[in-house]
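> Take a look at the following structure, please.
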Amino acid sequence: TCFKGKSVRVVHIHHDMSATYHDEPTSKPLVDVTGSIKYFVTSLLEEIKQKHLETQAMEDRISEIKRTIHDDVAKSIKWGNTPIHPGEISTQLRHVLDDDAIVTLDTGDSESWMKICYKAEKSNTILAPGRYSSMGFSLPAAIAAKINFPERQVVAVTGDGGFLMSYMDFPTLVKYGLSVVVIVENNRRYGMIWHMQRQMYRGRTFATEIETPDL
């Protein structure tokens with residue numbers, strides 16, 4: 001068989017070595033294998049099964065680690081206290097939102113707690129800045145989500161530091177009549193940087209305390 005497509009990757013298996021000759025460069029396979037087709041396919045299936053078992057074992061281990069982390073976090077949260085713990089906010093959100101609700105996150109402690117305590121029931125329902133670590137992402141992302149999916153619940157979860165980076169987008173919500181819930185977890189500091197400085201500089205911090213408006 002002659003395969004013309006440049007993106008086609010072919011493994012050629014044949015019991016006759018002479019069959020591995022290819023008169024056209026475009027038909028040359030990635031690998032030529034001379035031997036029993038039955039033996040090759042049987043061995044390949046065994047290898048695939050072994051890889052599947054290894055993958056399953058890894059997935060089981062990851063699930064176990066997630067359960068352990070979730071249990072440890074649940075024990076550390078002081079439920080019903082004031083001020084409310086961010087882990088409790090994240091956990092309770094899952095109970096009150098629809099499965100297809102879109103939740104947008106910001107960079108910082110609020111994002112960390114949501115990733116630990118909030119379980120997405122459907123794909124593409126959590127929008128986060130990821131490795132870009134863009135503070136102020138949550139509110140404009142929520143606006144875009146609501147414009148594109150007006151029939152779905154949209155909630156922006158941010159810290160007070162992240163909120164101050166993009167609070168000026170509130171007039172956009174009003175202008176277009178967008179029903180977006182914004183949750184601001186206010187600890188009056190850039191929490192993630194504050195924790196990092198305490199760990200790196202023996203408890204000392206610098207320029208991480210912020211005086212936010214009355215939220």
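FYI, nothing fancy with the structure tokens labels: chains A, B, ... in order, residues from 1 per chain, ligands from 1 as they appear.
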Would you return as a ChimeraX atom specification the members of stretch 20-193 of chain A that DSSP assigns to alpha helix (DSSP H) on this structure's backbone?

/A:37-76,86-96,109-117,138-148,160-166,170-175,191-193

> So that I can see what lies close to A:Asp109, please list as a list in words the residues with an atom at most 12 Å from it, counting only C-alpha atoms and leaving out residues fewer than 6 positions away in the same chain.

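Skipping anything fewer than 6 positions along the chain leaves His85, Pro86, Gly87, Ser90, Lys115, Ile116, Ser133, Met135, Val157, Thr158, Gly159, Asp160, Gly161, Gly162, Val184, Glu185, Asn186, Asn187, Arg189, Tyr190, Gly191, Met192, Ile193, Trp194, His195 and Met196 of chain A.
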
> Rounded to one decimal place, report the atom CA of A:Trp113-atom CA of A:Phe149 distance in Å.

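That distance, rounded to one decimal, is 25.4 Å.
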
> State, in Å with one decimal place, the distance from atom CA of A:His95 to atom CA of A:Phe163.

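Between atom CA of A:His95 and atom CA of A:Phe163 the gap is 24.2 Å.
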
> Work out how far atom CA of A:Lys78 is from atom CA of A:Gln197, in Å to one decimal.

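These atoms are spaced 25.2 Å apart.
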
> Contacts of stretch 37-51 of chain A at 7 Å or less, counting only C-alpha atoms, minus same-chain residues fewer than 4 places along, as a list in words?

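Close residues of stretch 37-51 of chain A: Ile13, His14, His15 and Thr55 of chain A.
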
> The selected residues should be written to file as a CSV table (one decimal), in the first residue's frame (atoms: N, CA and C atoms).


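Writing done, so here's selection.csv:
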chain,number,residue,atom,x,y,z
A,13,ILE,N,4.7,-4.4,9.0
A,13,ILE,CA,5.0,-5.8,9.5
A,13,ILE,C,4.8,-6.8,8.4
A,14,HIS,N,5.8,-7.7,8.2
A,14,HIS,CA,5.7,-8.7,7.2
A,14,HIS,C,6.6,-9.8,7.5
A,15,HIS,N,6.2,-11.1,7.2
A,15,HIS,CA,7.0,-12.2,7.5
A,15,HIS,C,8.1,-12.4,6.4
A,55,THR,N,-0.7,2.8,34.3
A,55,THR,CA,-1.5,4.1,34.3
A,55,THR,C,-2.6,4.0,35.4
